[in-house]
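Coordinates as given in my_file.txt (compact mmCIF, C-alpha atoms and all ligand atoms):
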# COMPACT_ATOMS: atom_id res chain seq x y z
CA MET N 20 0.00 0.00 0.00
CA ARG N 21 1.38 3.38 -1.00
CA ILE N 22 0.37 6.28 1.24
CA ILE N 23 0.86 9.73 -0.26
CA THR N 24 1.08 12.35 2.45
CA ASP N 25 3.05 15.41 3.44
CA GLU N 26 4.00 16.97 6.77
CA ARG N 27 2.94 20.30 5.28
CA CYS N 28 -0.75 19.36 5.20
CA THR N 29 -0.89 19.82 8.98
CA GLY N 30 0.47 23.38 8.78
CA TYR N 31 -2.84 25.26 8.95
CA SER N 32 -5.63 25.26 11.54
CA HIS N 33 -8.62 27.20 12.80
CA PRO N 34 -9.61 27.02 16.49
CA GLY N 35 -12.53 24.63 17.11
CA HIS N 36 -12.80 23.52 13.48
CA PRO N 37 -13.58 19.79 13.11
CA GLU N 38 -11.40 19.47 9.97
CA ARG N 39 -8.21 19.66 12.01
CA ALA N 40 -4.58 18.65 11.58
CA GLU N 41 -4.88 16.01 14.33
CA ARG N 42 -6.98 13.88 11.95
CA ILE N 43 -3.86 13.34 9.84
CA ILE N 44 -1.30 13.31 12.67
CA ALA N 45 -3.18 10.57 14.55
CA THR N 46 -3.53 8.54 11.33
CA TRP N 47 0.23 8.76 10.67
CA GLU N 48 0.83 7.38 14.17
CA LYS N 49 -1.69 4.59 13.70
CA LEU N 50 -0.26 3.52 10.35
CA ARG N 51 3.37 3.76 11.50
CA CYS N 52 2.74 1.70 14.64
CA GLN N 53 1.20 -1.29 12.86
CA THR N 54 2.78 -4.12 10.88
CA GLU N 55 -0.20 -5.91 9.31
CA LEU N 56 -0.33 -3.59 6.30
CA PRO N 57 3.10 -2.97 4.70
CA ILE N 58 3.29 0.68 3.66
CA THR N 59 5.43 2.64 1.21
CA TRP N 60 5.32 6.34 2.09
CA SER N 61 5.68 9.09 -0.50
CA GLN N 62 5.29 12.84 -0.75
CA PRO N 63 3.26 14.55 -3.48
CA SER N 64 5.04 15.79 -6.62
CA PRO N 65 4.82 19.44 -7.68
CA CYS N 66 1.28 20.26 -8.78
CA ASP N 67 0.14 20.42 -12.41
CA GLU N 68 -1.69 23.74 -12.89
CA ALA N 69 -3.26 22.67 -16.20
CA ALA N 70 -4.98 19.75 -14.47
CA ILE N 71 -6.52 22.09 -11.87
CA LEU N 72 -7.82 24.40 -14.59
CA ARG N 73 -9.92 21.59 -16.14
CA ALA N 74 -12.07 21.75 -12.99
CA HIS N 75 -11.72 25.32 -11.69
CA THR N 76 -11.60 28.86 -13.08
CA PRO N 77 -8.47 31.04 -12.91
CA GLU N 78 -10.61 33.52 -10.90
CA HIS N 79 -11.21 30.83 -8.28
CA LEU N 80 -7.47 30.18 -7.91
CA ALA N 81 -6.92 33.93 -7.48
CA ARG N 82 -9.69 34.10 -4.86
CA LEU N 83 -7.95 31.37 -2.81
CA THR N 84 -5.02 33.74 -2.27
CA LYS N 85 -7.22 36.48 -0.72
CA PRO N 86 -7.36 36.62 3.10
CA GLU N 87 -11.17 36.54 3.32
CA ASP N 88 -13.19 33.60 4.68
CA PHE N 89 -15.39 31.81 2.15
CA ASP N 90 -18.17 30.91 4.62
CA ASP N 91 -18.41 29.96 8.31
CA ASP N 92 -17.22 26.38 7.59
CA THR N 93 -14.52 27.34 5.14
CA PRO N 94 -12.00 29.86 6.48
CA SER N 95 -9.18 31.49 4.61
CA TYR N 96 -5.67 30.59 5.80
CA PRO N 97 -2.23 32.03 5.03
CA ASN N 98 -0.75 30.10 2.06
CA LEU N 99 -4.06 28.28 1.55
CA LEU N 100 -3.52 27.84 -2.19
CA GLU N 101 -0.28 25.96 -1.53
CA TYR N 102 -1.99 23.56 0.89
CA ALA N 103 -4.84 23.01 -1.56
CA ARG N 104 -2.43 22.45 -4.45
CA ALA N 105 -0.46 19.87 -2.45
CA SER N 106 -3.69 17.95 -1.82
CA VAL N 107 -4.46 18.03 -5.56
CA ALA N 108 -0.91 16.91 -6.35
CA ALA N 109 -1.32 13.90 -4.06
CA ALA N 110 -4.56 12.98 -5.86
CA LEU N 111 -2.80 13.16 -9.24
CA ASP N 112 0.06 11.02 -7.89
CA ALA N 113 -2.49 8.53 -6.58
CA LEU N 114 -3.97 8.32 -10.08
CA LYS N 115 -0.51 7.59 -11.52
CA ALA N 116 0.18 4.94 -8.89
CA ALA N 117 -3.18 3.25 -9.56
CA ARG N 118 -2.41 3.16 -13.28
CA ALA N 119 0.93 1.52 -12.43
CA GLY N 120 -0.97 -1.23 -10.63
CA GLU N 121 -0.34 -0.06 -7.06
CA THR N 122 -2.83 0.12 -4.21
CA VAL N 123 -2.74 3.71 -3.01
CA PHE N 124 -4.31 6.20 -0.61
CA SER N 125 -3.92 9.97 -0.49
CA LEU N 126 -3.80 10.96 3.20
CA MET N 127 -4.03 14.71 2.82
CA ARG N 128 -6.09 17.75 3.74
CA PRO N 129 -7.90 19.89 2.77
CA PRO N 130 -10.59 17.54 1.42
CA GLY N 131 -12.23 18.44 -1.89
CA HIS N 132 -15.61 16.95 -2.78
CA HIS N 133 -17.72 20.03 -1.92
CA ALA N 134 -15.55 22.48 -3.90
CA LEU N 135 -17.39 23.87 -6.93
CA ARG N 136 -15.79 25.14 -10.14
CA SER N 137 -15.57 28.68 -8.78
CA ARG N 138 -16.51 28.41 -5.12
CA ALA N 139 -14.90 26.98 -1.96
CA MET N 140 -17.35 25.51 0.56
CA GLY N 141 -17.75 22.80 3.19
CA PHE N 142 -14.06 22.67 4.29
CA CYS N 143 -13.10 22.19 0.59
CA TYR N 144 -11.14 24.56 -1.71
CA LEU N 145 -10.06 22.56 -4.77
CA ASN N 146 -11.89 19.42 -5.86
CA ASN N 147 -9.11 16.83 -5.68
CA VAL N 148 -11.15 13.88 -6.92
CA ALA N 149 -12.80 15.75 -9.82
CA ILE N 150 -9.43 17.12 -10.94
CA ALA N 151 -7.96 13.59 -10.89
CA ALA N 152 -10.98 12.11 -12.72
CA LEU N 153 -10.78 14.75 -15.47
CA GLU N 154 -7.01 14.20 -15.74
CA ALA N 155 -7.62 10.46 -16.15
CA ALA N 156 -10.24 11.02 -18.86
CA ALA N 157 -8.05 13.59 -20.65
CA THR N 158 -5.12 11.17 -20.74
CA GLY N 159 -6.91 8.20 -22.22
CA ALA N 160 -8.88 6.51 -19.45
CA LYS N 161 -12.32 5.30 -20.49
CA ARG N 162 -15.31 5.26 -18.14
CA VAL N 163 -13.78 6.93 -15.09
CA ALA N 164 -16.05 6.48 -12.06
CA VAL N 165 -15.95 8.44 -8.82
CA PHE N 166 -17.39 6.46 -5.90
CA ASP N 167 -18.14 8.80 -2.96
CA PHE N 168 -19.06 7.14 0.37
CA ASP N 169 -18.55 10.26 2.51
CA VAL N 170 -21.76 10.86 4.51
CA HIS N 171 -22.17 14.24 2.80
CA HIS N 172 -23.22 14.59 -0.85
CA GLY N 173 -20.32 15.16 -3.26
CA ASN N 174 -22.02 18.24 -4.69
CA GLY N 175 -18.84 19.82 -6.04
CA THR N 176 -17.78 16.63 -7.80
CA GLU N 177 -21.28 16.34 -9.27
CA ALA N 178 -21.28 19.94 -10.54
CA ILE N 179 -17.84 19.56 -12.14
CA LEU N 180 -18.37 16.10 -13.70
CA LEU N 181 -22.01 16.59 -14.77
CA ASN N 182 -22.45 15.24 -18.33
CA LYS N 183 -18.67 15.08 -18.86
CA PRO N 184 -17.88 12.29 -21.33
CA ASP N 185 -16.21 9.19 -19.89
CA CYS N 186 -16.88 10.27 -16.26
CA ALA N 187 -19.56 9.26 -13.75
CA LEU N 188 -20.30 9.88 -10.07
CA PHE N 189 -21.90 7.49 -7.60
CA SER N 190 -22.57 9.24 -4.24
CA ILE N 191 -24.10 7.60 -1.17
CA HIS N 192 -24.93 10.15 1.51
CA GLN N 193 -27.28 11.30 4.24
CA PHE N 194 -30.21 13.56 3.30
CA PRO N 195 -31.30 15.89 4.85
CA CYS N 196 -27.74 16.90 5.72
CA TYR N 197 -25.10 19.34 4.52
CA PRO N 198 -24.98 20.56 1.71
CA GLY N 199 -28.67 19.77 1.04
CA THR N 200 -28.25 18.39 -2.49
CA GLY N 201 -28.10 14.89 -3.99
CA THR N 202 -31.77 13.93 -3.75
CA ARG N 203 -31.98 12.59 -7.31
CA ASN N 204 -29.85 11.58 -10.26
CA LEU N 205 -28.59 14.41 -12.48
CA GLY N 206 -27.76 14.44 -16.17
CA SER N 207 -26.54 11.29 -17.86
CA ASN N 208 -23.81 10.41 -15.37
CA CYS N 209 -24.45 11.49 -11.75
CA PHE N 210 -26.14 8.87 -9.58
CA ASN N 211 -27.27 9.73 -6.06
CA TYR N 212 -28.25 7.46 -3.18
CA PRO N 213 -29.71 9.65 -0.41
CA LEU N 214 -30.37 8.02 2.97
CA PRO N 215 -32.35 9.58 5.86
CA PRO N 216 -30.63 10.34 9.18
CA GLN N 217 -30.61 7.36 11.59
CA THR N 218 -30.92 4.82 8.75
CA SER N 219 -30.24 1.39 10.24
CA ARG N 220 -26.86 -0.18 9.61
CA ALA N 221 -28.45 -3.04 7.63
CA GLU N 222 -30.30 -0.61 5.35
CA TYR N 223 -27.19 1.57 4.94
CA ARG N 224 -25.19 -1.51 3.89
CA HIS N 225 -27.99 -2.55 1.53
CA VAL N 226 -27.93 0.84 -0.23
CA LEU N 227 -24.12 0.82 -0.42
CA ALA N 228 -24.33 -2.66 -2.00
CA SER N 229 -26.86 -1.38 -4.56
CA ALA N 230 -24.57 1.53 -5.44
CA LEU N 231 -21.61 -0.86 -5.79
CA GLU N 232 -23.68 -3.07 -8.09
CA HIS N 233 -24.58 0.00 -10.17
CA LEU N 234 -20.88 0.95 -10.28
CA ARG N 235 -19.99 -2.55 -11.48
CA ALA N 236 -22.69 -2.42 -14.18
CA TYR N 237 -21.21 0.90 -15.41
CA LYS N 238 -18.09 -1.17 -16.31
CA PRO N 239 -15.58 1.44 -15.11
CA GLY N 240 -12.07 1.45 -16.53
CA LEU N 241 -10.78 3.26 -13.45
CA VAL N 242 -12.30 4.11 -10.06
CA ALA N 243 -11.48 7.15 -7.90
CA VAL N 244 -12.86 6.94 -4.37
CA SER N 245 -13.90 9.93 -2.27
CA ALA N 246 -13.23 8.10 0.99
CA GLY N 247 -14.99 9.90 3.82
CA PHE N 248 -15.36 8.14 7.14
CA ASP N 249 -18.14 10.30 8.60
CA ALA N 250 -20.93 7.78 7.96
CA TYR N 251 -19.43 6.01 11.01
CA ALA N 252 -21.97 5.48 13.81
CA ARG N 253 -20.05 7.64 16.29
CA ASP N 254 -19.02 10.48 13.97
CA PRO N 255 -20.01 13.86 15.46
CA LEU N 256 -21.07 15.53 12.19
CA ALA N 257 -23.87 13.27 10.92
CA GLN N 258 -26.24 10.47 11.92
CA GLY N 259 -24.81 7.50 9.99
CA SER N 260 -24.68 3.95 11.31
CA LEU N 261 -21.62 2.25 9.81
CA GLU N 262 -19.12 0.32 11.93
CA ALA N 263 -15.40 -0.24 11.28
CA GLU N 264 -15.97 -3.60 9.57
CA ASP N 265 -18.28 -1.91 7.05
CA PHE N 266 -15.32 0.18 5.84
CA TYR N 267 -13.30 -3.06 5.48
CA TRP N 268 -16.14 -4.44 3.37
CA LEU N 269 -16.22 -1.26 1.26
CA GLY N 270 -12.48 -1.52 0.58
CA GLN N 271 -12.78 -5.21 -0.24
CA SER N 272 -15.79 -4.64 -2.53
CA LEU N 273 -13.99 -1.89 -4.44
CA ARG N 274 -10.87 -4.07 -4.81
CA LYS N 275 -13.01 -6.88 -6.22
CA LEU N 276 -14.03 -4.65 -9.15
CA GLY N 277 -10.60 -5.60 -10.49
CA VAL N 278 -9.83 -2.23 -12.11
CA PRO N 279 -7.23 0.45 -11.22
CA LEU N 280 -8.44 2.11 -8.02
CA PHE N 281 -7.25 5.00 -5.88
CA SER N 282 -8.76 6.60 -2.78
CA LEU N 283 -8.55 10.10 -1.36
CA LEU N 284 -9.41 11.15 2.20
CA GLU N 285 -12.48 13.36 2.40
CA GLY N 286 -14.29 13.66 5.78
CA GLY N 287 -14.26 11.67 9.02
CA TYR N 288 -14.21 13.51 12.34
CA SER N 289 -14.46 10.86 15.07
CA ALA N 290 -11.56 9.87 17.34
CA GLU N 291 -11.63 6.47 15.58
CA LEU N 292 -10.74 7.94 12.16
CA PRO N 293 -7.22 6.38 12.11
CA GLU N 294 -8.64 2.92 12.86
CA LEU N 295 -11.36 3.34 10.20
CA ILE N 296 -8.79 4.33 7.58
CA LEU N 297 -6.53 1.39 8.44
CA THR N 298 -9.48 -1.01 8.32
CA TYR N 299 -10.58 0.35 4.92
CA LEU N 300 -7.04 0.07 3.53
CA LYS N 301 -6.79 -3.56 4.66
CA GLY N 302 -9.95 -4.22 2.65
CA VAL N 303 -8.48 -2.45 -0.40
CA GLU N 304 -5.24 -4.43 -0.04
CA GLY N 305 -7.06 -7.74 0.49
CA LYS N 306 -5.50 -8.33 3.90
ZN ZN F 1 -18.34 14.51 4.95

Can you turn what I pasted into structure tokens?
Amino acid sequence: MRIITDERCTGYSHPGHPERAERIIATWEKLRCQTELPITWSQPSPCDEAAILRAHTPEHLARLTKPEDFDDDTPSYPNLLEYARASVAAALDALKAARAGETVFSLMRPPGHHALRSRAMGFCYLNNVAIAALEAAATGAKRVAVFDFDVHHGNGTEAILLNKPDCALFSIHQFPCYPGTGTRNLGSNCFNYPLPPQTSRAEYRHVLASALEHLRAYKPGLVAVSAGFDAYARDPLAQGSLEAEDFYWLGQSLRKLGVPLFSLLEGGYSAELPELILTYLKGVEGK
């Protein structure tokens, strides 16, 4: 398992914000102190600006350098654009590693799946997974699927990939919940699986299994995973019901698709996040 991460992604913080550097620091410790899953660590390469501009406007990149908050959830930080670009770079490296036949996870922040083409929102500034999916499609991949199991709807990914040839989005999320979208399918390629708050674990698993079956029927050539761990039963930001072994099952199910696969960290705010990530990665690795 290759883990792409960078000390620099813990360099910014906002008091009391749930999307905090400790999420990554605790996961480094967890992964370094275990021996069941052999890990190769790497740092992201320099970022490819052209890849970012397939998903975002130049005006949006300029806005990320201004010291003004975007909304209450999404503060501005000094050097924010550099942090966001490093997270994108890790996603693009994960794509390359997947194409080379590696199992790979991008352990970076900020997350990306709420970021729109020209708007930061929901802790997200640049849409890492959409940028990587468009890069894959632009460089010859056919039928690129984004599978988003974060408890929140991947609204930014949907907006950026909507009706894009050779791309599709499958998002399983709580509704009603932030950001309030994802109630129905959109266009020819965005498939949404909304679940009410407090959905039972059995029903949640059933809907995830349906989405995985739909993903398989799409016959993807490559799968990018928005891996959020906030559908966990004890996550403080939503009312999901999944347990650690469900994330193992998700990793295992995605591996069984038998196509190049890479995963990027999105949300996950419980103290158990490091354990949930490790469990998911064991499933992806087939351990
Ligand atoms: Zn989330």

Here is a test: counting all atoms listed in the file, which residue of N:Lys301, N:Lys183, N:Arg224, N:His172 is nearest to Gly201 (chain N)?
N:His172

CA of Pro293 (chain N) to CA of Phe266 (chain N), distance in Å rounded to a single decimal:
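About the pair CA of Pro293 (chain N) and CA of Phe266 (chain N): they are 12.0 Å apart.
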
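Listed by chain and then residue number, the contacts of ligand ZN 1 (chain F) are N:Asp169, N:Val170, N:His171, N:Gly247, N:Asp249, N:Glu285, N:Gly286, N:Gly287 (distance at most 7 Å, using all atoms listed in the file).
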
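Comparing N:Thr202, N:Gln193, N:Asn146, N:Ser260 by their smallest distance to Thr176 (chain N), the closest is N:Asn146 (using only C-alpha atoms).
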
Using only C-alpha atoms for the distances, tell me which of N:Ser190, N:Leu111, N:Glu177, N:Cys196 is nearest to Thr158 (chain N).
N:Leu111

Go through N:Leu234, N:Leu50, N:Ala134, N:Ala45 and flag the residue nearest Leu83 (chain N), using only C-alpha atoms for the distances.
N:Ala134

Proximity to Tyr102 (chain N) - best of N:Cys66, N:Ala149, N:Ile179, N:Leu214, all atoms listed in the file
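Looking only at the distances to Tyr102 (chain N), the closest residue turns out to be N:Cys66.
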
Between N:Arg39, N:Leu227, N:Met20, N:Ser272, which is the closest to Gly120 (chain N) once you count only C-alpha atoms?
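Of the candidates, the smallest distance to Gly120 (chain N) is held by N:Met20.
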
Shell around Phe168 (chain N) at 8 Å using all atoms listed in the file, local window under 2 positions removed, as a count of residues only:
11

Can you work out the spacing between CA of Phe89 (chain N) and CA of Arg138 (chain N) in Å, to one decimal?
8.1 Å

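Taking CA of Glu291 (chain N) as the reference point, CA of Glu55 (chain N) is found at 18.0 Å.
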
Would you kindly return, as a list of chain:residue names, each protein, DNA or RNA residue with an atom no farther than 9 Å from any atom of Ser282 (chain N), considering only C-alpha atoms and excluding same-chain residues fewer than 2 positions away?
N:Ala110, N:Ala113, N:Leu114, N:Thr122, N:Val123, N:Phe124, N:Ser125, N:Leu126, N:Val148, N:Val242, N:Ala243, N:Val244, N:Ser245, N:Ala246, N:Leu280, N:Leu284

Nearby residues (only C-alpha atoms) at most 8 Å from Leu100 (chain N), same-chain spacing under 3 positions excluded, as JSON, numbers by chain:
{"N": [80, 83, 84, 103, 104]}

Name the residues within 10 Å of (-16.3, 23.5, 8.2), counting all atoms listed in the file in the file's coordinates, and put them as a list in words.
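Protein and nucleic acid residues near the point are His33, Gly35, His36, Pro37, Glu38, Arg39, Asp90, Asp91, Asp92, Thr93, Pro94, Met140, Gly141, Phe142 and Cys143 of chain N.
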
When you look at Asn204 (chain N) with a cut-off of 12 Å (counting all atoms listed in the file), what residues show up, excluding the ones that are within fewer than 3 positions of it in the same chain? I need them as a ChimeraX atom specification.
/N:172,174,177-178,181-182,187-191,200-201,207-213

Dump of C-alpha atoms for the selected residues, as a short mmCIF file (atom, residue, chain, number, x, y, z; two decimals), in the frame of the given file:
data_model
loop_
_atom_site.label_atom_id
_atom_site.label_comp_id
_atom_site.auth_asym_id
_atom_site.auth_seq_id
_atom_site.Cartn_x
_atom_site.Cartn_y
_atom_site.Cartn_z
CA HIS N 172 -23.22 14.59 -0.85
CA ASN N 174 -22.02 18.24 -4.69
CA GLU N 177 -21.28 16.34 -9.27
CA ALA N 178 -21.28 19.94 -10.54
CA LEU N 181 -22.01 16.59 -14.77
CA ASN N 182 -22.45 15.24 -18.33
CA ALA N 187 -19.56 9.26 -13.75
CA LEU N 188 -20.30 9.88 -10.07
CA PHE N 189 -21.90 7.49 -7.60
CA SER N 190 -22.57 9.24 -4.24
CA ILE N 191 -24.10 7.60 -1.17
CA THR N 200 -28.25 18.39 -2.49
CA GLY N 201 -28.10 14.89 -3.99
CA SER N 207 -26.54 11.29 -17.86
CA ASN N 208 -23.81 10.41 -15.37
CA CYS N 209 -24.45 11.49 -11.75
CA PHE N 210 -26.14 8.87 -9.58
CA ASN N 211 -27.27 9.73 -6.06
CA TYR N 212 -28.25 7.46 -3.18
CA PRO N 213 -29.71 9.65 -0.41
#

Could you give me, as a ChimeraX atom specification, the residues within 10 Å of Arg118 (chain N), counting all atoms listed in the file and dropping anything in the same chain fewer than 6 positions from it?
/N:112,155,160,241,278-281

Produce the centre coordinates and the three edge lengths, each in Å to one decimal, of the box along x, y and z that contains all listed atoms of region 113-126 of chain N with 8 Å added on each side, as JSON.
{"center_x": -1.7, "center_y": 4.9, "center_z": -5.0, "size_x": 21.2, "size_y": 28.2, "size_z": 32.5}
